[in-house]
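K.L.:
Dropping in final11.cif, which is mmCIF, C-alpha atoms:
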data_input
loop_
_atom_site.label_atom_id
_atom_site.label_comp_id
_atom_site.auth_asym_id
_atom_site.auth_seq_id
_atom_site.Cartn_x
_atom_site.Cartn_y
_atom_site.Cartn_z
CA MET Y 26 23.44 -10.26 23.35
CA LEU Y 27 19.89 -9.33 22.55
CA ALA Y 28 19.00 -9.09 26.24
CA ASP Y 29 21.81 -6.56 26.79
CA TYR Y 30 19.94 -4.11 24.61
CA LEU Y 31 16.39 -5.32 25.29
CA PRO Y 32 16.44 -6.70 28.85
CA ILE Y 33 12.74 -7.65 28.63
CA TYR Y 34 14.00 -10.60 26.56
CA ARG Y 35 15.33 -12.07 29.83
CA ILE Y 36 11.78 -12.63 31.07
CA ARG Y 37 10.65 -16.25 31.10
CA VAL Y 38 7.31 -17.32 32.57
CA ARG Y 39 6.87 -21.05 33.13
CA THR Y 40 3.94 -23.24 34.10
CA ALA Y 41 3.63 -27.03 34.19
CA ARG Y 42 3.10 -27.23 30.42
CA LEU Y 43 4.15 -23.85 29.01
CA GLU Y 44 6.94 -21.36 28.66
CA LEU Y 45 6.20 -17.77 27.70
CA ARG Y 46 9.06 -15.75 26.19
CA LEU Y 47 9.56 -12.87 23.80
CA PRO Y 48 10.18 -14.15 20.28
CA ASP Y 49 13.42 -14.23 18.32
CA THR Y 50 13.30 -14.60 14.54
CA ASP Y 51 12.78 -18.37 14.64
CA ASP Y 52 9.96 -18.01 17.17
CA LEU Y 53 8.28 -15.43 14.94
CA ALA Y 54 8.50 -17.79 11.96
CA ALA Y 55 7.06 -20.61 14.12
CA LEU Y 56 4.25 -18.31 15.25
CA ALA Y 57 3.57 -17.49 11.59
CA ASP Y 58 3.23 -21.24 10.93
CA GLN Y 59 0.50 -21.42 13.60
CA ALA Y 60 -1.25 -18.40 12.10
CA ALA Y 61 -1.02 -19.92 8.62
CA ALA Y 62 -2.37 -23.28 9.86
CA GLY Y 63 -5.38 -21.51 11.39
CA VAL Y 64 -6.31 -19.83 14.62
CA HIS Y 65 -10.06 -20.29 14.88
CA GLY Y 66 -12.97 -22.04 13.18
CA PRO Y 67 -14.77 -20.31 10.31
CA ASP Y 68 -17.99 -19.87 12.28
CA PHE Y 69 -16.81 -17.15 14.67
CA GLN Y 70 -14.41 -14.24 14.04
CA PRO Y 71 -12.86 -13.34 17.41
CA PHE Y 72 -10.67 -10.50 16.09
CA LYS Y 73 -11.88 -6.96 15.57
CA ASN Y 74 -9.53 -6.40 12.64
CA ALA Y 75 -10.33 -9.79 11.08
CA TRP Y 76 -6.67 -10.38 10.11
CA THR Y 77 -7.34 -14.12 10.02
CA GLU Y 78 -9.53 -13.82 6.93
CA ALA Y 79 -6.48 -13.42 4.70
CA GLU Y 80 -4.76 -16.30 2.91
CA PRO Y 81 -2.43 -18.51 5.00
CA LEU Y 82 0.85 -16.93 3.83
CA ALA Y 83 -0.56 -13.43 4.32
CA ARG Y 84 -1.72 -14.41 7.83
CA GLY Y 85 1.77 -15.66 8.60
CA ARG Y 86 3.34 -12.47 7.30
CA THR Y 87 0.94 -10.39 9.38
CA ALA Y 88 1.80 -12.40 12.48
CA ILE Y 89 5.52 -11.73 12.00
CA LEU Y 90 5.29 -8.03 11.15
CA TRP Y 91 2.63 -7.24 13.75
CA ASN Y 92 4.62 -8.74 16.60
CA LEU Y 93 7.95 -7.36 15.40
CA ASN Y 94 6.35 -3.94 15.40
CA LEU Y 95 5.11 -4.40 18.96
CA ILE Y 96 8.64 -5.12 20.15
CA ALA Y 97 10.03 -2.24 18.11
CA ALA Y 98 7.56 0.13 19.75
CA VAL Y 99 8.18 -0.78 23.40
CA THR Y 100 8.95 2.26 25.53
CA PRO Y 101 8.79 2.65 29.32
CA ASP Y 102 5.61 4.71 28.90
CA ARG Y 103 3.78 2.40 26.56
CA TRP Y 104 4.50 -1.24 25.97
CA CYS Y 105 3.00 -4.40 24.62
CA LEU Y 106 4.93 -7.60 25.26
CA PRO Y 107 4.02 -10.22 22.65
CA PHE Y 108 5.04 -13.43 24.40
CA VAL Y 109 5.01 -16.61 22.42
CA ALA Y 110 3.58 -19.63 24.24
CA VAL Y 111 5.82 -22.68 23.89
CA HIS Y 112 4.56 -26.20 24.65
CA ASP Y 113 6.84 -29.23 24.36
CA GLY Y 114 9.41 -27.05 22.61
CA ARG Y 115 6.95 -25.82 20.02
CA VAL Y 116 5.41 -22.36 19.60
CA ILE Y 117 1.64 -22.86 19.81
CA GLY Y 118 0.32 -19.30 20.13
CA LYS Y 119 0.88 -15.94 21.71
CA GLN Y 120 -0.05 -14.06 24.86
CA ASP Y 121 0.20 -10.27 24.88
CA LEU Y 122 0.50 -8.06 27.92
CA ALA Y 123 0.07 -4.32 27.31
CA GLY Y 124 0.39 -1.31 29.62
CA LYS Y 125 0.25 2.46 29.22
CA GLN Y 126 1.98 4.57 31.88
CA TYR Y 127 1.89 1.38 33.88
CA ALA Y 128 3.94 2.75 36.78
CA VAL Y 129 1.04 5.08 37.51
CA THR Y 130 -2.02 3.10 36.42
CA ARG Y 131 -0.88 -0.30 37.74
CA GLU Y 132 -3.13 -2.04 35.24
CA ALA Y 133 -2.44 -3.89 32.00
CA THR Y 134 -4.45 -5.62 29.30
CA THR Y 135 -3.98 -9.17 28.06
CA SER Y 136 -4.95 -10.75 24.76
CA SER Y 137 -3.98 -14.00 23.10
CA TRP Y 138 -4.51 -16.58 20.41
CA LEU Y 139 -3.66 -20.23 20.00
CA GLY Y 140 -3.19 -22.35 16.90
CA ALA Y 141 -6.49 -24.17 16.25
CA ALA Y 142 -4.87 -27.57 16.85
CA HIS Y 143 -4.14 -26.53 20.44
CA HIS Y 144 -7.62 -25.39 21.42
CA GLY Y 145 -9.71 -27.21 24.02
CA LYS Y 146 -6.83 -28.41 26.22
CA GLY Y 147 -6.83 -25.70 28.87
CA LEU Y 148 -3.76 -24.05 27.36
CA GLY Y 149 -5.56 -20.70 27.00
CA THR Y 150 -6.26 -20.66 30.74
CA GLU Y 151 -2.72 -21.73 31.52
CA MET Y 152 -1.08 -19.01 29.44
CA ARG Y 153 -3.39 -16.35 30.85
CA ALA Y 154 -2.60 -17.59 34.36
CA ALA Y 155 1.10 -17.32 33.51
CA VAL Y 156 0.93 -13.74 32.37
CA LEU Y 157 -1.30 -12.80 35.34
CA ALA Y 158 1.39 -14.08 37.72
CA LEU Y 159 3.95 -11.96 35.87
CA LEU Y 160 1.64 -8.99 36.19
CA PHE Y 161 0.46 -9.27 39.82
CA ASP Y 162 3.40 -11.09 41.40
CA GLY Y 163 6.19 -9.74 39.25
CA LEU Y 164 5.08 -6.23 38.40
CA GLY Y 165 2.81 -5.41 41.35
CA ALA Y 166 -0.36 -4.71 39.37
CA ASP Y 167 -3.63 -3.70 40.97
CA HIS Y 168 -5.81 -4.75 38.01
CA ALA Y 169 -5.70 -6.89 34.90
CA LEU Y 170 -8.00 -6.18 31.97
CA SER Y 171 -9.29 -8.24 29.08
CA ASP Y 172 -12.02 -8.08 26.50
CA CYS Y 173 -13.70 -10.41 24.04
CA LEU Y 174 -16.33 -10.10 21.36
CA ASP Y 175 -19.76 -11.22 22.56
CA GLY Y 176 -20.05 -14.92 21.71
CA ASN Y 177 -16.39 -15.81 22.20
CA GLY Y 178 -17.18 -18.49 24.77
CA PRO Y 179 -13.66 -19.85 25.30
CA SER Y 180 -12.13 -16.42 25.99
CA GLU Y 181 -14.98 -15.43 28.30
CA ALA Y 182 -14.69 -18.74 30.16
CA VAL Y 183 -10.98 -18.15 30.81
CA SER Y 184 -11.75 -14.70 32.23
CA ARG Y 185 -14.55 -16.02 34.48
CA LYS Y 186 -12.52 -18.98 35.70
CA LEU Y 187 -9.63 -16.75 36.71
CA GLY Y 188 -11.85 -14.37 38.69
CA TYR Y 189 -12.46 -11.46 36.29
CA ARG Y 190 -15.74 -9.58 36.63
CA PRO Y 191 -17.74 -7.83 33.88
CA ASP Y 192 -16.56 -4.26 33.36
CA GLY Y 193 -18.99 -2.85 30.79
CA ILE Y 194 -19.17 -3.15 27.04
CA ASP Y 195 -17.90 -1.52 23.84
CA HIS Y 196 -19.57 -1.36 20.47
CA GLN Y 197 -17.51 -1.78 17.33
CA VAL Y 198 -18.24 -2.11 13.65
CA TYR Y 199 -17.27 -5.28 11.84
CA ASN Y 200 -18.22 -5.90 8.20
CA GLY Y 201 -20.71 -3.04 8.44
CA GLU Y 202 -22.43 -4.60 11.46
CA ARG Y 203 -22.43 -3.49 15.08
CA VAL Y 204 -20.76 -6.00 17.35
CA THR Y 205 -20.56 -5.97 21.12
CA SER Y 206 -17.30 -6.38 22.95
CA LEU Y 207 -17.36 -7.40 26.62
CA ARG Y 208 -14.80 -5.86 28.97
CA TRP Y 209 -13.41 -7.84 31.91
CA ARG Y 210 -11.52 -6.63 34.99
CA LEU Y 211 -9.60 -8.64 37.58
CA THR Y 212 -8.58 -7.17 40.94
CA ARG Y 213 -5.60 -8.39 42.90
CA ALA Y 214 -7.86 -9.89 45.57
CA ASP Y 215 -9.93 -11.79 42.99
CA TRP Y 216 -6.72 -12.97 41.31
CA GLU Y 217 -5.40 -14.33 44.60
CA ALA Y 218 -8.68 -16.15 45.21
CA HIS Y 219 -8.79 -17.81 41.77
CA ARG Y 220 -5.25 -18.98 41.14
CA THR Y 221 -5.24 -22.14 39.06
CA HIS Y 222 -1.59 -22.79 38.16
CA ASP Y 223 1.84 -22.60 39.71
CA VAL Y 224 3.87 -20.06 37.79
CA ALA Y 225 7.61 -19.33 37.90
CA VAL Y 226 8.80 -15.92 36.70
CA ASP Y 227 12.50 -15.61 35.77
CA GLY Y 228 14.65 -12.81 34.47
CA LEU Y 229 12.51 -9.92 35.64
CA ASP Y 230 15.51 -7.93 36.86
CA ASN Y 231 15.89 -4.19 37.35
CA ASP Y 232 16.90 -3.59 33.73
CA ALA Y 233 13.82 -5.43 32.47
CA ARG Y 234 11.61 -3.55 34.93
CA ALA Y 235 13.11 -0.22 33.81
CA MET Y 236 12.01 -0.97 30.23
CA LEU Y 237 8.46 -1.21 31.59
CA GLY Y 238 8.68 2.14 33.33
CA LEU Y 239 9.35 0.76 36.81
CA ALA Y 240 12.29 2.26 38.67
CA MET O 11 10.57 -20.50 7.20
CA LEU O 12 10.90 -16.78 7.52
CA THR O 13 11.36 -16.35 3.77
CA ASP O 14 8.04 -18.13 3.09
CA TYR O 15 6.31 -15.23 4.79
CA LEU O 16 8.79 -12.46 3.98
CA PRO O 17 10.27 -13.30 0.56
CA VAL O 18 12.41 -10.12 0.51
CA TYR O 19 14.60 -11.93 3.04
CA ARG O 20 15.76 -14.08 0.11
CA VAL O 21 17.56 -11.10 -1.42
CA ARG O 22 21.36 -11.19 -1.08
CA LEU O 23 23.70 -8.62 -2.63
CA ARG O 24 27.33 -9.60 -2.96
CA THR O 25 30.40 -7.61 -3.91
CA ASP O 26 34.06 -8.48 -3.71
CA ARG O 27 34.26 -7.86 0.01
CA LEU O 28 30.66 -7.55 1.21
CA GLU O 29 27.36 -9.30 1.58
CA LEU O 30 24.20 -7.26 2.13
CA ARG O 31 21.16 -9.07 3.58
CA LEU O 32 18.10 -8.30 5.63
CA PRO O 33 18.80 -8.91 9.30
CA ASP O 34 17.50 -11.65 11.54
CA MET O 35 17.63 -11.00 15.29
CA ASP O 36 21.28 -12.13 15.55
CA ASP O 37 22.29 -9.72 12.79
CA LEU O 38 20.39 -6.93 14.55
CA VAL O 39 22.25 -7.64 17.77
CA ALA O 40 25.57 -7.52 15.89
CA LEU O 41 24.50 -4.23 14.34
CA ALA O 42 23.58 -2.94 17.80
CA ASP O 43 27.09 -3.88 18.92
CA ARG O 44 28.55 -1.68 16.15
CA ALA O 45 26.24 1.16 17.19
CA ALA O 46 27.27 0.73 20.83
CA GLU O 47 30.97 0.82 19.87
CA GLY O 48 30.47 4.04 17.92
CA VAL O 49 29.49 5.14 14.45
CA HIS O 50 31.18 8.52 14.07
CA THR O 51 33.63 10.78 15.85
CA PRO O 52 32.21 13.38 18.24
CA ASP O 53 33.21 16.38 16.10
CA PHE O 54 30.54 15.90 13.42
CA MET O 55 26.92 14.76 13.84
CA PRO O 56 25.85 13.22 10.52
CA PHE O 57 22.29 12.31 11.56
CA VAL O 58 19.18 14.48 11.50
CA GLU O 59 18.00 12.58 14.57
CA PRO O 60 21.05 12.62 16.88
CA TRP O 61 20.49 9.10 18.20
CA THR O 62 24.22 8.51 18.49
CA GLU O 63 24.51 10.93 21.43
CA ALA O 64 22.91 8.41 23.78
CA ALA O 65 24.88 6.02 25.97
CA PRO O 66 26.22 2.87 24.22
CA LEU O 67 23.50 0.45 25.41
CA GLU O 68 20.78 2.93 24.46
CA ARG O 69 22.35 3.36 21.02
CA GLY O 70 22.24 -0.40 20.62
CA ARG O 71 18.62 -0.55 21.73
CA ALA O 72 17.64 2.31 19.43
CA THR O 73 19.31 0.50 16.54
CA LEU O 74 17.46 -2.74 17.23
CA GLN O 75 14.07 -1.14 17.60
CA TRP O 76 14.57 1.23 14.67
CA GLN O 77 15.44 -1.56 12.24
CA MET O 78 12.64 -3.80 13.56
CA LYS O 79 10.20 -0.96 12.98
CA ALA O 80 11.51 -0.44 9.44
CA ILE O 81 10.95 -4.11 8.60
CA ALA O 82 7.62 -4.35 10.42
CA GLY O 83 6.28 -1.22 8.74
CA SER O 84 7.11 -2.18 5.17
CA THR O 85 4.27 -2.53 2.67
CA PRO O 86 4.36 -2.83 -1.13
CA GLU O 87 3.46 0.87 -1.32
CA ASP O 88 5.91 2.18 1.29
CA TRP O 89 8.87 -0.02 2.04
CA ALA O 90 12.23 0.04 3.77
CA LEU O 91 14.96 -2.54 3.30
CA PRO O 92 17.47 -2.10 6.13
CA PHE O 93 20.25 -4.32 4.81
CA VAL O 94 23.08 -5.19 7.13
CA THR O 95 26.54 -5.10 5.61
CA VAL O 96 28.62 -8.19 6.33
CA HIS O 97 32.39 -8.30 5.82
CA GLU O 98 34.30 -11.53 6.44
CA GLY O 99 31.33 -12.90 8.38
CA LYS O 100 30.97 -9.84 10.61
CA VAL O 101 28.22 -7.23 10.51
CA ILE O 102 30.01 -3.90 10.07
CA GLY O 103 27.16 -1.50 9.32
CA MET O 104 23.85 -0.97 7.59
CA GLN O 105 22.69 0.20 4.18
CA GLU O 106 19.03 1.07 3.92
CA VAL O 107 16.92 1.56 0.82
CA THR O 108 13.48 3.16 1.14
CA ALA O 109 10.78 3.96 -1.39
CA LYS O 110 7.19 5.06 -1.60
CA ARG O 111 5.02 3.88 -4.51
CA PHE O 112 8.16 2.60 -6.20
CA GLY O 113 6.15 0.86 -8.92
CA VAL O 114 5.12 4.32 -10.11
CA THR O 115 7.94 6.68 -9.09
CA ARG O 116 10.81 4.31 -9.94
CA GLU O 117 13.02 6.11 -7.44
CA ALA O 118 14.35 5.17 -4.02
CA THR O 119 16.46 6.75 -1.29
CA THR O 120 19.51 5.25 0.40
CA GLY O 121 21.02 5.88 3.83
CA SER O 122 23.81 4.09 5.65
CA TRP O 123 26.27 3.96 8.49
CA LEU O 124 29.36 1.96 9.33
CA GLY O 125 30.97 1.06 12.65
CA LEU O 126 33.80 3.50 13.31
CA ALA O 127 36.48 0.82 13.04
CA HIS O 128 35.39 0.19 9.44
CA HIS O 129 35.59 3.74 8.12
CA GLY O 130 38.18 4.81 5.56
CA GLN O 131 38.45 1.48 3.72
CA GLY O 132 36.08 2.07 0.82
CA PHE O 133 33.25 0.02 2.38
CA GLY O 134 30.82 2.94 2.21
CA THR O 135 31.27 3.16 -1.56
CA GLU O 136 31.10 -0.60 -1.98
CA MET O 137 27.86 -1.01 -0.05
CA ARG O 138 26.23 1.92 -1.82
CA ALA O 139 27.31 0.40 -5.14
CA ALA O 140 25.65 -2.85 -4.05
CA VAL O 141 22.24 -1.30 -3.41
CA LEU O 142 22.50 0.81 -6.57
CA ALA O 143 22.89 -2.38 -8.60
CA PHE O 144 19.88 -3.77 -6.74
CA LEU O 145 17.88 -0.66 -7.61
CA PHE O 146 18.85 -0.07 -11.24
CA GLU O 147 19.55 -3.59 -12.39
CA GLY O 148 17.40 -5.59 -10.02
CA ILE O 149 14.17 -3.63 -9.81
CA GLY O 150 14.41 -1.19 -12.72
CA ALA O 151 14.81 2.15 -10.95
CA ASP O 152 15.13 5.36 -12.94
CA PHE O 153 16.67 7.36 -10.08
CA ALA O 154 18.46 6.87 -6.76
CA LEU O 155 18.42 9.60 -4.13
CA SER O 156 20.65 10.41 -1.18
CA ALA O 157 21.33 13.31 1.17
CA SER O 158 24.17 14.38 3.42
CA PHE O 159 24.72 17.23 5.83
CA ASP O 160 27.04 19.94 4.54
CA GLY O 161 30.48 18.90 5.76
CA ASN O 162 29.88 15.13 5.66
CA GLU O 163 32.64 14.63 3.11
CA PRO O 164 32.79 10.83 3.23
CA SER O 165 29.09 10.58 2.32
CA ALA O 166 29.23 13.34 -0.32
CA GLY O 167 32.39 11.72 -1.68
CA VAL O 168 30.61 8.40 -2.19
CA SER O 169 27.72 10.13 -3.94
CA ARG O 170 30.03 12.06 -6.30
CA LYS O 171 32.19 9.07 -7.06
CA LEU O 172 29.15 7.01 -8.05
CA GLY O 173 27.84 9.70 -10.39
CA TYR O 174 25.18 11.51 -8.34
CA LEU O 175 24.57 15.16 -9.15
CA ALA O 176 23.58 17.90 -6.71
CA ASP O 177 19.79 18.09 -6.42
CA GLY O 178 19.11 21.11 -4.22
CA VAL O 179 19.26 21.62 -0.49
CA ASP O 180 17.13 21.34 2.63
CA TYR O 181 17.48 23.16 5.89
CA LYS O 182 17.04 21.02 8.98
CA VAL O 183 17.10 21.92 12.66
CA LEU O 184 19.48 19.97 14.86
CA ARG O 185 19.69 20.99 18.53
CA ASP O 186 18.21 24.41 17.70
CA GLN O 187 20.84 25.03 15.03
CA ARG O 188 20.11 25.34 11.34
CA ARG O 189 21.94 22.73 9.31
CA LEU O 190 22.32 22.56 5.56
CA ASP O 191 21.37 19.21 4.09
CA ARG O 192 22.49 18.49 0.51
CA ARG O 193 20.33 16.32 -1.71
CA TRP O 194 21.88 14.05 -4.34
CA ARG O 195 20.27 12.38 -7.36
CA LEU O 196 21.61 9.67 -9.66
CA ASP O 197 19.95 8.75 -12.94
CA ARG O 198 20.32 5.46 -14.73
CA GLU O 199 22.68 6.77 -17.41
CA ARG O 200 25.13 8.25 -14.91
CA TRP O 201 24.89 5.10 -12.80
CA GLU O 202 25.95 3.04 -15.83
CA ALA O 203 28.82 5.43 -16.49
CA HIS O 204 30.16 5.39 -12.93
CA ARG O 205 29.97 1.73 -11.94
CA THR O 206 32.80 0.85 -9.59
CA HIS O 207 32.06 -2.69 -8.35
CA GLU O 208 30.76 -5.97 -9.63
CA VAL O 209 27.56 -6.83 -7.79
CA ALA O 210 25.76 -10.17 -7.73
CA ILE O 211 22.05 -10.13 -6.89
CA GLU O 212 20.45 -13.30 -5.53
CA GLY O 213 16.96 -14.25 -4.42
CA LEU O 214 15.12 -11.40 -6.12
CA ASP O 215 12.26 -13.61 -7.30
CA GLU O 216 8.67 -12.73 -8.20
CA GLU O 217 7.47 -12.99 -4.59
CA ALA O 218 10.23 -10.72 -3.33
CA ARG O 219 9.40 -8.23 -6.08
CA ALA O 220 5.71 -8.35 -5.16
CA MET O 221 6.63 -7.21 -1.64
CA LEU O 222 8.18 -4.12 -3.26
CA GLY O 223 5.04 -3.29 -5.21
CA LEU O 224 6.30 -4.83 -8.46
CA GLY O 225 5.01 -7.62 -10.63
CA PRO O 226 1.78 -9.25 -11.66
CA SER O 227 -0.11 -8.21 -8.53
CA GLN O 228 0.30 -4.59 -9.67
CA ALA O 229 -0.98 -5.19 -13.19
#
Hey, can you dump this file as structure tokens for me?

P.N.:
Amino acid sequence: MLADYLPIYRIRVRTARLELRLPDTDDLAALADQAAAGVHGPDFQPFKNAWTEAEPLARGRTAILWNLNLIAAVTPDRWCLPFVAVHDGRVIGKQDLAGKQYAVTREATTSSWLGAAHHGKGLGTEMRAAVLALLFDGLGADHALSDCLDGNGPSEAVSRKLGYRPDGIDHQVYNGERVTSLRWRLTRADWEAHRTHDVAVDGLDNDARAMLGLA
Amino acid sequence: MLTDYLPVYRVRLRTDRLELRLPDMDDLVALADRAAEGVHTPDFMPFVEPWTEAAPLERGRATLQWQMKAIAGSTPEDWALPFVTVHEGKVIGMQEVTAKRFGVTREATTGSWLGLAHHGQGFGTEMRAAVLAFLFEGIGADFALSASFDGNEPSAGVSRKLGYLADGVDYKVLRDQRRLDRRWRLDRERWEAHRTHEVAIEGLDEEARAMLGLGPSQA
């Protein structure tokens, strides 16, 4: 079984409307369909690498290969878990959780996207809340981090709603222009005070924890 | 569908006893099972990277992540096709083909392993023959390359049988010991002259070829 070799595949995070899980081949193909159908409107590019500017099939291919590579590269010292978000049995987007030397730093970074048809329904908040429960409740984090390009209102709103505070900025270059990225940081106390959803975490056993560098 | 986004997954190579295909997650798990059961006897380490010395579950995990990385890292300029070898419905090993700038160099390198229970039955020759047909007949290669550590007679035997000629040596370091690695090269003419198996190639359409750096997109 896949989970014998990669015990992180046992992890399931559930909220009222969503399940987060690591993707098998079918889930990756379903995620590619969401990427091909479109992830954001044409007026604002939320991604630093602008992968969504490619043609639909190329976007789908990128979604599969990118996430497969993340799973392939997981080590206890450095991991990124590319959960797919499943709503009513259908993959609607993804929610990453990434840590480096997590056992020492006790902080991890989240990022996500949703198929455009699923925007505006609170699902972005719900999937972030899910992965925050995995992080603070399940993995004993002290901090959660996020960032968004300046002007990405929906992402910023999720961070504010869930209790994150501003944590400085970064400048990056996109299409030859300087763009500002806003960093966000959430402490355990602020997380506790801003919980919005009930979250159930399953399958986070000792083997799964060992893959994330936790004894 | 996966093949909409990754058309190389349409490619199927069939011989008398084998099917070679690119693995989905279930195939990778089956391949990990073969790795966990064992790939070679303890008296000879055939791999430059001695991944088979780890415990069974770690060997399985390494196999899964290694093959995922090979697929995820493929581009038209630098690709790896880690085919799984299927015999009577069961994954018994893997047969990889890798190339850089194939559209220009017209050469590719093969590497493979088989679960220990499947050694000694001619499968290694048959799966190599399958990817050689893919290379020479399917995508117009001029050369196929291989390498084997000095003393890996089964691998060298396959190369000789299929017409490869010696192509120099490399020295590698394995656990602080110098090891002699023998390179093998097969040209199209000798491939033709040493064909051993009938091979059927399916699904190698224009889109699959484009993923390998071939076709109109390269014009």

K.L.:
Could you list, as a count of residues only, every residue within 6 Å of range 70-81 of chain O, counting only C-alpha atoms and ignoring same-chain residues fewer than 2 positions away?

P.N.:
12

K.L.:
Taking the file as shown, find all residues satisfying the PyMOL selection byres ((chain O and resi 193-204) around 7) and write them as a CSV table (one decimal) with C-alpha atoms, in the coordinates of the input.

P.N.:
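The resulting file, expr.csv, is shown below:
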chain,number,residue,atom,x,y,z
O,146,PHE,CA,18.8,-0.1,-11.2
O,152,ASP,CA,15.1,5.4,-12.9
O,153,PHE,CA,16.7,7.4,-10.1
O,154,ALA,CA,18.5,6.9,-6.8
O,155,LEU,CA,18.4,9.6,-4.1
O,156,SER,CA,20.6,10.4,-1.2
O,157,ALA,CA,21.3,13.3,1.2
O,158,SER,CA,24.2,14.4,3.4
O,172,LEU,CA,29.2,7.0,-8.0
O,173,GLY,CA,27.8,9.7,-10.4
O,174,TYR,CA,25.2,11.5,-8.3
O,175,LEU,CA,24.6,15.2,-9.2
O,176,ALA,CA,23.6,17.9,-6.7
O,177,ASP,CA,19.8,18.1,-6.4
O,178,GLY,CA,19.1,21.1,-4.2
O,179,VAL,CA,19.3,21.6,-0.5
O,191,ASP,CA,21.4,19.2,4.1
O,192,ARG,CA,22.5,18.5,0.5
O,205,ARG,CA,30.0,1.7,-11.9
O,206,THR,CA,32.8,0.8,-9.6

K.L.:
Find the residues in chain Y near chain O: any atom within 10 Å counts, using all atoms listed in the file. Write them as a ChimeraX atom specification.

P.N.:
/Y:26-32,48-55,57-58,61,81-99

K.L.:
Quick one: write out the picked residues with C-alpha atoms as a short mmCIF file (atom, residue, chain, number, x, y, z; two decimals), in the coordinates of the input?

P.N.:
data_model
loop_
_atom_site.label_atom_id
_atom_site.label_comp_id
_atom_site.auth_asym_id
_atom_site.auth_seq_id
_atom_site.Cartn_x
_atom_site.Cartn_y
_atom_site.Cartn_z
CA MET Y 26 23.44 -10.26 23.35
CA LEU Y 27 19.89 -9.33 22.55
CA ALA Y 28 19.00 -9.09 26.24
CA ASP Y 29 21.81 -6.56 26.79
CA TYR Y 30 19.94 -4.11 24.61
CA LEU Y 31 16.39 -5.32 25.29
CA PRO Y 32 16.44 -6.70 28.85
CA PRO Y 48 10.18 -14.15 20.28
CA ASP Y 49 13.42 -14.23 18.32
CA THR Y 50 13.30 -14.60 14.54
CA ASP Y 51 12.78 -18.37 14.64
CA ASP Y 52 9.96 -18.01 17.17
CA LEU Y 53 8.28 -15.43 14.94
CA ALA Y 54 8.50 -17.79 11.96
CA ALA Y 55 7.06 -20.61 14.12
CA ALA Y 57 3.57 -17.49 11.59
CA ASP Y 58 3.23 -21.24 10.93
CA ALA Y 61 -1.02 -19.92 8.62
CA PRO Y 81 -2.43 -18.51 5.00
CA LEU Y 82 0.85 -16.93 3.83
CA ALA Y 83 -0.56 -13.43 4.32
CA ARG Y 84 -1.72 -14.41 7.83
CA GLY Y 85 1.77 -15.66 8.60
CA ARG Y 86 3.34 -12.47 7.30
CA THR Y 87 0.94 -10.39 9.38
CA ALA Y 88 1.80 -12.40 12.48
CA ILE Y 89 5.52 -11.73 12.00
CA LEU Y 90 5.29 -8.03 11.15
CA TRP Y 91 2.63 -7.24 13.75
CA ASN Y 92 4.62 -8.74 16.60
CA LEU Y 93 7.95 -7.36 15.40
CA ASN Y 94 6.35 -3.94 15.40
CA LEU Y 95 5.11 -4.40 18.96
CA ILE Y 96 8.64 -5.12 20.15
CA ALA Y 97 10.03 -2.24 18.11
CA ALA Y 98 7.56 0.13 19.75
CA VAL Y 99 8.18 -0.78 23.40
#

K.L.:
Near range 188-196 of chain Y, counting only C-alpha atoms, which residues have an atom at most 9 Å away, once you skip same-chain residues fewer than 4 positions from it, shown as a ChimeraX atom specification?

P.N.:
/Y:169-172,183-184,203-212,215-220

K.L.:
Run the PyMOL selection byres ((chain Y and resi 122-125) around 6) mentally over the shown coordinates, then write out the matched residues as JSON, numbers by chain, using the chain letters and numbers from the document.

P.N.:
{"Y": [102, 103, 104, 105, 106, 121, 126, 127, 133, 134, 135]}

K.L.:
Name the residues that the PyMOL selection byres ((chain Y and resi 119) around 7) picks from the file above, as a list of chain:residue names, using the file's chain letters and numbers.

P.N.:
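Checked against the file, the PyMOL selection byres ((chain Y and resi 119) around 7) matches Y:Pro107, Y:Phe108, Y:Val109, Y:Ala110, Y:Gly118, Y:Gln120, Y:Asp121, Y:Ser137, Y:Trp138, Y:Leu139.
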
K.L.:
In Å, rounded to a single decimal, give me how far CA of Ala214 in chain Y is from CA of Ala154 in chain Y.

P.N.:
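Going from CA of Ala154 in chain Y over to CA of Ala214 in chain Y covers 14.6 Å.
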
K.L.:
Go ahead and compute the interatomic distance for CA of Ser165 in chain O and CA of Val141 in chain O, in Å to one decimal.

P.N.:
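Interatomic distance, CA of Ser165 in chain O to CA of Val141 in chain O: 14.9 Å.
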
K.L.:
Could you check the closest approach to Glu59 in chain O for each of O:Val209, O:Met137, O:Lys182, O:Leu32 and tell me which residue wins, using all atoms listed in the file?

P.N.:
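Ranking O:Val209, O:Met137, O:Lys182, O:Leu32 by distance to Glu59 in chain O, first place goes to O:Lys182.
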
K.L.:
Can you work out the spacing between CA of Glu181 in chain Y and CA of Phe161 in chain Y in Å, to one decimal?

P.N.:
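Atom-to-atom, CA of Glu181 in chain Y to CA of Phe161 in chain Y, that is 20.2 Å.
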
K.L.:
Compare Y:Leu148, Y:Leu47, Y:Val116, Y:Val198 by their minimum atom-to-atom distance to Leu174 in chain Y, counting only C-alpha atoms, and give me the closest one.

P.N.:
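Smallest distance to Leu174 in chain Y is found for Y:Val198.
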
K.L.:
Each side padded by 3 Å, which centre and which edge lengths in Å (one decimal) define the axis-aligned box around the listed atoms of range 147-151 of chain O? Give them as AutoDock Vina command-line options.

P.N.:
--center_x 16.9 --center_y -1.7 --center_z -11.3 --size_x 11.4 --size_y 13.7 --size_z 8.9
